[in-house]
$ cat target.csv   # CSV, C-alpha atoms
chain,number,residue,atom,x,y,z
V,1,MET,CA,0.0,0.0,0.0
V,2,GLY,CA,1.2,3.5,-0.8
V,3,GLU,CA,2.5,5.8,1.8
V,4,VAL,CA,1.5,9.5,1.8
V,5,ILE,CA,4.2,11.9,3.0
V,6,VAL,CA,3.7,15.7,3.6
V,7,ILE,CA,6.7,18.0,3.4
V,8,THR,CA,5.9,21.0,5.6
V,9,SER,CA,7.7,23.8,7.6
V,10,GLY,CA,5.5,26.6,8.7
V,11,LYS,CA,8.0,29.3,7.5
V,12,GLY,CA,8.4,29.9,3.8
V,13,GLY,CA,11.7,29.7,2.0
V,14,VAL,CA,13.4,27.0,4.0
V,15,GLY,CA,13.4,24.4,1.2
V,16,LYS,CA,10.1,22.5,1.2
V,17,THR,CA,9.8,22.4,-2.6
V,18,THR,CA,13.5,21.6,-3.1
V,19,THR,CA,13.2,18.8,-0.6
V,20,THR,CA,10.0,17.5,-2.2
V,21,ALA,CA,11.6,17.5,-5.6
V,22,ASN,CA,14.8,15.8,-4.4
V,23,VAL,CA,13.3,13.2,-2.1
V,24,GLY,CA,10.6,12.3,-4.7
V,25,THR,CA,13.2,12.0,-7.5
V,26,GLY,CA,15.5,10.0,-5.2
V,27,LEU,CA,12.7,7.5,-4.2
V,28,ALA,CA,11.9,7.1,-7.9
V,29,LYS,CA,15.6,6.4,-8.6
V,30,LEU,CA,15.4,3.7,-6.0
V,31,ASN,CA,12.7,2.1,-8.2
V,32,LYS,CA,9.6,3.3,-6.3
V,33,LYS,CA,6.6,4.6,-8.2
V,34,VAL,CA,6.2,8.1,-6.9
V,35,VAL,CA,3.9,11.0,-7.5
V,36,LEU,CA,4.6,14.6,-6.3
V,37,ILE,CA,1.6,16.8,-5.6
V,38,ASP,CA,2.1,20.6,-5.4
V,39,THR,CA,-0.6,21.7,-2.9
V,40,ASP,CA,0.4,25.4,-2.9
V,41,ILE,CA,-2.6,26.6,-4.9
V,42,GLY,CA,-2.0,30.1,-6.4
V,43,LEU,CA,1.8,29.9,-5.9
V,44,ARG,CA,2.8,27.0,-8.1
V,45,ASN,CA,6.6,26.2,-7.8
V,46,LEU,CA,7.3,22.5,-7.8
V,47,ASP,CA,6.8,22.2,-11.6
V,48,VAL,CA,9.6,24.8,-12.1
V,49,VAL,CA,12.0,23.1,-9.7
V,50,MET,CA,11.3,19.8,-11.5
V,51,GLY,CA,11.8,21.5,-14.9
V,52,LEU,CA,8.3,20.4,-16.0
V,53,GLU,CA,6.6,23.8,-16.3
V,54,ASN,CA,6.0,23.5,-20.1
V,55,ARG,CA,4.1,20.3,-19.9
V,56,ILE,CA,1.2,21.4,-17.7
V,57,VAL,CA,-2.3,20.9,-19.2
V,58,TYR,CA,-4.5,20.1,-16.2
V,59,ASN,CA,-3.9,20.8,-12.5
V,60,LEU,CA,-4.9,19.8,-8.9
V,61,VAL,CA,-8.0,21.9,-8.9
V,62,ASP,CA,-9.2,20.5,-12.3
V,63,VAL,CA,-8.9,16.9,-10.8
V,64,VAL,CA,-10.7,17.8,-7.6
V,65,GLU,CA,-13.5,19.6,-9.5
V,66,GLY,CA,-13.8,16.7,-11.9
V,67,ASN,CA,-12.8,18.7,-15.1
V,68,CYS,CA,-10.4,15.8,-16.0
V,69,ARG,CA,-9.4,12.4,-14.9
V,70,ILE,CA,-6.4,12.0,-12.6
V,71,LYS,CA,-4.3,10.3,-15.2
V,72,GLN,CA,-4.8,13.3,-17.6
V,73,ALA,CA,-3.4,15.7,-15.1
V,74,LEU,CA,-0.3,13.7,-14.1
V,75,ILE,CA,2.9,14.8,-15.8
V,76,LYS,CA,5.5,12.2,-16.4
V,77,ASP,CA,9.0,13.2,-15.4
V,78,LYS,CA,11.7,13.7,-18.1
V,79,ARG,CA,14.3,11.5,-16.4
V,80,CYS,CA,12.5,9.0,-14.2
V,81,PRO,CA,9.9,6.8,-15.9
V,82,ASN,CA,8.2,6.0,-12.6
V,83,LEU,CA,7.9,9.6,-11.3
V,84,TYR,CA,4.9,11.8,-11.9
V,85,LEU,CA,3.9,15.4,-10.9
V,86,LEU,CA,0.4,16.7,-10.2
V,87,PRO,CA,0.9,20.4,-10.5
V,88,SER,CA,-1.0,23.1,-8.6
V,89,ALA,CA,-3.3,25.7,-10.1
V,90,GLN,CA,-1.8,29.1,-10.6
V,91,THR,CA,-4.9,31.2,-11.0
V,92,ARG,CA,-7.0,29.9,-8.1
V,93,ASP,CA,-6.7,30.2,-4.3
V,94,LYS,CA,-6.5,27.9,-1.4
V,95,THR,CA,-10.3,27.8,-0.8
V,96,SER,CA,-10.7,25.9,-4.1
V,97,VAL,CA,-9.9,22.6,-2.3
V,98,ASN,CA,-10.9,21.2,1.1
V,99,PRO,CA,-9.3,18.5,3.3
V,100,GLU,CA,-12.0,15.9,2.4
V,101,GLN,CA,-11.3,16.3,-1.3
V,102,MET,CA,-7.6,15.9,-0.6
V,103,LYS,CA,-8.2,12.7,1.3
V,104,LYS,CA,-10.1,11.3,-1.6
V,105,LEU,CA,-7.5,12.4,-4.1
V,106,VAL,CA,-4.7,10.6,-2.2
V,107,GLU,CA,-6.9,7.5,-1.9
V,108,ASP,CA,-7.5,7.5,-5.6
V,109,LEU,CA,-3.7,7.9,-6.2
V,110,LYS,CA,-3.0,5.0,-3.9
V,111,SER,CA,-5.3,2.8,-5.9
V,112,GLU,CA,-3.3,3.8,-9.0
V,113,GLY,CA,-0.4,1.8,-7.5
V,114,PHE,CA,1.9,4.6,-6.3
V,115,ASP,CA,4.3,3.5,-3.6
V,116,TYR,CA,4.9,7.1,-2.4
V,117,ILE,CA,2.7,10.1,-2.7
V,118,LEU,CA,4.6,13.3,-1.7
V,119,LEU,CA,2.7,16.5,-0.8
V,120,ASP,CA,4.5,19.8,-1.1
V,121,CYS,CA,2.8,21.9,1.6
V,122,PRO,CA,2.4,25.7,1.3
V,123,ALA,CA,3.9,27.9,4.0
V,124,GLY,CA,1.7,29.0,6.8
V,125,ILE,CA,-0.8,27.2,9.1
V,126,GLU,CA,-4.1,28.0,7.3
V,127,GLN,CA,-6.3,26.2,4.9
V,128,GLY,CA,-3.5,25.2,2.5
V,129,PHE,CA,-1.6,23.5,5.4
V,130,LYS,CA,-4.8,21.8,6.6
V,131,ASN,CA,-5.5,20.5,3.1
V,132,ALA,CA,-1.9,19.1,2.7
V,133,ILE,CA,-1.8,17.2,6.0
V,134,ALA,CA,-5.3,15.8,5.7
V,135,GLY,CA,-4.5,12.6,3.8
V,136,ALA,CA,-0.9,12.2,5.0
V,137,ASP,CA,0.5,9.2,6.9
V,138,ARG,CA,3.8,10.8,7.6
V,139,ALA,CA,5.3,14.3,7.9
V,140,LEU,CA,8.7,15.6,7.1
V,141,VAL,CA,9.3,19.0,8.8
V,142,VAL,CA,11.9,21.1,7.1
V,143,THR,CA,13.7,23.8,9.0
V,144,THR,CA,17.0,25.8,8.8
V,145,PRO,CA,19.2,26.5,11.8
V,146,GLU,CA,17.6,29.9,12.3
V,147,VAL,CA,15.5,31.1,15.2
V,148,SER,CA,12.5,32.0,13.1
V,149,ALA,CA,12.4,28.8,11.1
V,150,ILE,CA,12.8,26.7,14.2
V,151,ARG,CA,10.1,28.5,16.1
V,152,ASP,CA,7.7,27.9,13.2
V,153,ALA,CA,8.7,24.3,13.0
V,154,ASP,CA,7.9,23.9,16.6
V,155,ARG,CA,4.4,25.3,16.0
V,156,ILE,CA,3.9,23.0,13.0
V,157,ILE,CA,5.1,19.9,15.1
V,158,GLY,CA,2.5,20.9,17.7
V,159,LEU,CA,-0.3,21.1,15.1
V,160,LEU,CA,0.7,17.8,13.5
V,161,GLU,CA,0.5,16.2,16.9
V,162,ALA,CA,-2.9,17.7,17.5
V,163,ASN,CA,-4.0,16.3,14.1
V,164,GLU,CA,-2.7,12.9,15.1
V,165,MET,CA,0.0,12.5,12.5
V,166,LYS,CA,1.5,9.1,13.0
V,167,HIS,CA,5.1,9.8,12.2
V,168,THR,CA,6.9,13.2,12.1
V,169,HIS,CA,10.5,13.5,11.2
V,170,LEU,CA,12.8,16.5,11.0
V,171,ILE,CA,15.1,17.7,8.1
V,172,VAL,CA,17.6,20.4,9.0
V,173,ASN,CA,18.4,22.2,5.8
V,174,ARG,CA,21.1,24.7,4.8
V,175,ILE,CA,23.6,23.8,7.5
V,176,ARG,CA,26.9,25.7,7.1
V,177,MET,CA,29.6,23.7,8.9
V,178,ASP,CA,32.1,26.6,8.9
V,179,MET,CA,29.6,28.7,10.9
V,180,VAL,CA,28.6,25.9,13.2
V,181,LYS,CA,32.3,25.3,13.9
V,182,ARG,CA,32.9,28.9,15.0
V,183,GLY,CA,29.7,28.9,17.0
V,184,ASP,CA,27.7,31.2,14.9
V,185,MET,CA,25.1,28.7,13.8
V,186,MET,CA,23.2,26.2,15.7
V,187,SER,CA,24.2,22.6,15.0
V,188,MET,CA,22.0,19.8,13.9
V,189,ASP,CA,22.2,18.4,17.4
V,190,ASP,CA,21.1,21.8,18.9
V,191,VAL,CA,18.1,21.9,16.6
V,192,VAL,CA,17.1,18.3,17.4
V,193,GLU,CA,17.5,19.0,21.2
V,194,ILE,CA,15.2,22.1,20.9
V,195,LEU,CA,12.5,20.5,18.8
V,196,ALA,CA,12.7,17.1,20.5
V,197,ILE,CA,11.7,15.0,17.5
V,198,ASP,CA,13.6,12.4,15.5
V,199,ILE,CA,15.8,13.6,12.7
V,200,ILE,CA,15.8,12.0,9.2
V,201,GLY,CA,18.2,14.2,7.4
V,202,ALA,CA,20.7,17.0,7.5
V,203,VAL,CA,21.4,18.9,4.3
V,204,PRO,CA,24.3,21.3,3.9
V,205,ASP,CA,24.0,24.7,2.4
V,206,ASP,CA,25.2,23.8,-1.1
V,207,GLU,CA,25.6,26.1,-4.1
V,208,ASN,CA,24.8,23.2,-6.3
V,209,ILE,CA,21.2,23.4,-5.2
V,210,VAL,CA,20.9,26.8,-6.8
V,211,VAL,CA,22.5,25.5,-10.0
V,212,ALA,CA,20.2,22.5,-10.0
V,213,THR,CA,17.1,24.6,-9.5
V,214,ASN,CA,18.3,26.9,-12.3
V,215,GLN,CA,18.4,24.0,-14.6
V,216,GLY,CA,15.2,22.4,-13.3
V,217,GLU,CA,16.9,19.2,-12.4
V,218,PRO,CA,17.0,17.7,-8.9
V,219,LEU,CA,20.5,16.9,-7.8
V,220,VAL,CA,19.6,13.9,-5.6
V,221,GLY,CA,22.1,11.0,-5.9
V,222,ASN,CA,24.8,12.9,-7.7
V,223,ASP,CA,28.3,13.5,-6.3
V,224,THR,CA,27.5,16.7,-4.4
V,225,MET,CA,27.1,17.0,-0.6
V,226,ALA,CA,23.4,18.0,-1.0
V,227,GLY,CA,22.9,15.3,-3.5
V,228,LYS,CA,24.3,12.7,-1.1
V,229,ALA,CA,22.4,14.1,1.8
V,230,TYR,CA,19.1,13.9,-0.1
V,231,MET,CA,19.8,10.3,-1.2
V,232,ASN,CA,20.4,9.3,2.4
V,233,ILE,CA,17.1,10.7,3.4
V,234,CYS,CA,15.4,8.5,0.7
V,235,HIS,CA,17.2,5.4,2.1
V,236,ARG,CA,16.0,6.3,5.6
V,237,ILE,CA,12.4,6.7,4.4
V,238,LEU,CA,12.7,3.2,3.0
V,239,GLY,CA,13.6,2.1,6.6
V,240,GLU,CA,17.4,1.6,6.0
V,241,GLU,CA,19.8,2.8,8.6
V,242,VAL,CA,22.3,5.2,7.0
V,243,PRO,CA,24.9,7.1,9.1
V,244,PHE,CA,24.7,10.9,8.9
V,245,LEU,CA,27.2,12.5,6.4
V,246,ASP,CA,30.2,14.3,7.7
V,247,LEU,CA,29.2,17.7,6.3
V,248,ASP,CA,32.6,19.1,7.0
V,249,LYS,CA,34.3,16.8,4.5
V,250,LYS,CA,36.2,18.9,2.0
V,251,GLY,CA,38.2,17.9,-1.0
V,252,PHE,CA,42.0,18.1,-1.1
V,253,PHE,CA,42.0,21.2,-3.3
V,254,LYS,CA,39.4,23.0,-1.3
V,255,ARG,CA,41.5,22.5,1.8
V,256,LEU,CA,44.6,23.6,0.0
V,257,GLY,CA,42.8,26.7,-1.2
V,258,ASP,CA,41.7,27.5,2.4
V,259,ILE,CA,45.3,27.2,3.6
V,260,LEU,CA,46.5,29.4,0.9
V,261,LYS,CA,43.8,32.0,1.6
V,262,LYS,CA,44.7,32.1,5.3
V,263,ASN,CA,48.4,32.8,4.7
C,1,MET,CA,30.9,42.7,19.1
C,2,THR,CA,34.5,43.7,19.2
C,3,ILE,CA,37.5,41.4,19.2
C,4,ILE,CA,38.1,42.1,22.9
C,5,ASP,CA,34.5,41.3,23.8
C,6,ARG,CA,34.8,38.0,21.9
C,7,PHE,CA,38.0,37.2,23.7
C,8,PHE,CA,36.4,37.6,27.1
C,9,LYS,CA,32.9,36.4,26.5
C,10,ASN,CA,33.1,33.1,24.7
C,11,LYS,CA,29.3,33.0,24.2
C,12,ARG,CA,28.8,33.0,20.5
C,13,SER,CA,25.8,34.0,18.5
C,14,GLY,CA,24.7,30.3,18.1
C,15,ASP,CA,24.5,30.0,21.8
C,16,TYR,CA,22.4,33.2,22.0
C,17,ALA,CA,20.1,31.8,19.3
C,18,LYS,CA,19.6,28.5,21.2
C,19,GLY,CA,19.0,30.2,24.5
C,20,ARG,CA,16.5,32.7,23.0
C,21,LEU,CA,14.7,29.8,21.2
C,22,GLN,CA,14.4,27.8,24.4
C,23,MET,CA,12.8,30.7,26.2
C,24,MET,CA,10.5,31.5,23.3
C,25,LEU,CA,9.3,27.9,22.8
C,26,VAL,CA,8.4,27.5,26.5
C,27,ALA,CA,6.2,30.5,26.1
C,28,ASP,CA,4.8,29.3,22.8
C,29,ARG,CA,4.1,25.7,23.9
C,30,THR,CA,2.3,26.6,27.1
C,31,ASN,CA,0.7,29.9,26.0
C,32,CYS,CA,2.4,31.4,28.9
C,33,SER,CA,4.0,34.9,28.4
C,34,PRO,CA,7.5,35.6,29.7
C,35,GLU,CA,6.0,38.2,32.1
C,36,LEU,CA,3.7,35.6,33.6
C,37,MET,CA,6.7,33.3,34.0
C,38,GLU,CA,8.6,36.0,35.8
C,39,ALA,CA,5.6,36.6,38.1
C,40,ILE,CA,5.3,32.9,38.9
C,41,LYS,CA,9.1,32.7,39.6
C,42,LYS,CA,9.0,35.7,41.9
C,43,ASP,CA,6.1,34.4,43.9
C,44,ILE,CA,7.7,31.0,44.4
C,45,ILE,CA,10.9,32.7,45.6
C,46,ASP,CA,9.0,34.9,48.0
C,47,VAL,CA,7.2,31.9,49.6
C,48,LEU,CA,10.3,29.8,49.9
C,49,ALA,CA,12.4,32.7,51.2
C,50,LYS,CA,10.2,32.7,54.3
C,51,TYR,CA,11.6,29.4,55.3
C,52,VAL,CA,14.9,28.8,53.6
C,53,GLU,CA,17.8,30.9,52.2
C,54,ILE,CA,17.9,30.5,48.5
C,55,ASP,CA,20.8,30.8,46.1
C,56,LYS,CA,19.0,33.2,43.7
C,57,ASP,CA,21.8,33.2,41.1
C,58,LYS,CA,21.6,29.5,40.5
C,59,LEU,CA,17.8,28.9,40.6
C,60,ASP,CA,16.2,27.6,37.5
C,61,ILE,CA,12.4,27.5,37.0
C,62,GLN,CA,10.9,26.3,33.8
C,63,ILE,CA,7.8,25.1,32.2
C,64,GLU,CA,8.3,22.2,29.9
C,65,THR,CA,6.1,20.1,27.8
C,66,ASP,CA,8.4,17.2,27.0
C,67,ALA,CA,9.8,16.6,30.5
C,68,GLY,CA,9.6,12.9,30.2
C,69,THR,CA,7.9,12.8,33.6
C,70,ASN,CA,4.4,12.4,32.2
C,71,ASP,CA,2.9,11.4,28.9
C,72,GLY,CA,4.3,14.5,27.3
C,73,SER,CA,1.1,16.3,26.6
C,74,ALA,CA,0.5,18.3,29.8
C,75,PRO,CA,3.1,21.0,30.7
C,76,VAL,CA,5.2,20.4,33.8
C,77,LEU,CA,6.7,23.0,36.1
C,78,LEU,CA,10.3,22.2,36.8
C,79,ALA,CA,12.1,24.1,39.6
C,80,ASN,CA,15.7,23.6,40.6
C,81,ILE,CA,16.3,25.9,43.6
C,82,PRO,CA,19.5,25.5,45.5
C,83,ILE,CA,19.1,26.1,49.2
C,84,LYS,CA,22.0,27.8,51.0
C,85,SER,CA,20.7,27.2,54.5
C,86,MET,CA,17.5,26.6,56.4
C,87,ARG,CA,16.3,29.7,58.3
C,88,ASN,CA,16.3,29.0,62.0
C,89,ARG,CA,12.9,29.8,63.4
$ encode --input "target.csv" --output "structure tokens"
Amino acid sequence: MGEVIVITSGKGGVGKTTTTANVGTGLAKLNKKVVLIDTDIGLRNLDVVMGLENRIVYNLVDVVEGNCRIKQALIKDKRCPNLYLLPSAQTRDKTSVNPEQMKKLVEDLKSEGFDYILLDCPAGIEQGFKNAIAGADRALVVTTPEVSAIRDADRIIGLLEANEMKHTHLIVNRIRMDMVKRGDMMSMDDVVEILAIDIIGAVPDDENIVVATNQGEPLVGNDTMAGKAYMNICHRILGEEVPFLDLDKKGFFKRLGDILKKN
Amino acid sequence: MTIIDRFFKNKRSGDYAKGRLQMMLVADRTNCSPELMEAIKKDIIDVLAKYVEIDKDKLDIQIETDAGTNDGSAPVLLANIPIKSMRNR
């Protein structure tokens, strides 16, 4: 039976959409049948990060309102044959869909044989959030090591608990080890201690994410720090035990460059 | 922060962030404002001070939601109040 995972954060701009794109692509690369749903109605983004913005015909609201069949609205990914996207509507607003409709939608997708249904949640705690969590079995809470993002994550974790979410895991995004080392950024352990939930991934602040997003191509699984970190998250979602990456690992030339810079 | 400050105070901005968050989240999780917390603290100290001498610098009073002492849902008041000596009455 398929599992429904919502990716949420409370605060905007911490990396929900990037996480959804990379975790979804990673699970597909691990031979799972995956569908990504962009639930941010009115502010559609996931299609752009996936590089599928030119293929949209129907959207989430069309499916919910019965203007088309689910299969007509699903966009097949360029790279992974077992990965699909259900894009959001750009010209409607959050009140176009309600939690009951979302529950029905994910049930219908489960019966289409998807192993994983990933919901990219909008920022905030209003209707869009309620829609996104309605049908979910599991939540991934994304935060960055900043006070505002962590405070919002704590609020979201409380709301997920109140809504009886079965499993909630934390992803700490955009960690800068150089800053953590000199004490100017909270570490992954600090964030876990404060929020008191289980962590499933730590992703470094990596320029390659910007490059990948520019190109509309998720970097999961490639030979970058962020690519490896996202792939590890996918393995952990599948129940495998994977040690956390040493985010401080630098190549020989980078180290040499740092030494030369210092002198 | 100047270099001299940094030299003498080794508390870095990450520590400040953590400390501020911990205070903030206590208030958020319990719907209890920092002012209310201060008032509770003051009253507890006043009552205890009638009977014992308290080390006011080291006392620690907090409200936590995940104290591990109950099922985790209800907030718990944790007070760690070092006593210097009993007042002889």
$ interface_residues --input "target.csv" --of "chain C" --to "chain V" --cutoff "8 Å" --atoms "all atoms listed in the file" --output "PyMOL selection string"
chain C and resi 12-15+17-18+21-22+24-25+28-29+66
$ atom_distance --input "target.csv" --atom1 "CA of Lys76 in chain V" --atom2 "CA of Ala226 in chain V"
24.3 Å
$ atom_distance --input "target.csv" --atom1 "CA of Leu74 in chain V" --atom2 "CA of Leu86 in chain V"
5.0 Å
$ residues_around --input "target.csv" --residues "Ile56 in chain V" --least-positions-apart "6" --cutoff "12 Å" --atoms "only C-alpha atoms" --output "PyMOL selection string"
chain V and resi 44+46-48+50+62+72-77+84-90
$ closest_residue --input "target.csv" --among "C:Asn80, C:Met86, C:Glu38, C:Ser33" --to "Asp57 in chain C" --atoms "only C-alpha atoms"
C:Asn80
$ residues_around --input "target.csv" --residues "Ala49 in chain C" --least-positions-apart "6" --cutoff "12 Å" --atoms "all atoms listed in the file" --output "list in words"
Lys42, Asp43, Asp55, Lys56, Ile81, Pro82, Ile83, Lys84, Ser85, Met86 and Arg87 of chain C
$ atom_distance --input "target.csv" --atom1 "CA of Val61 in chain V" --atom2 "CA of Gly26 in chain V"
26.6 Å
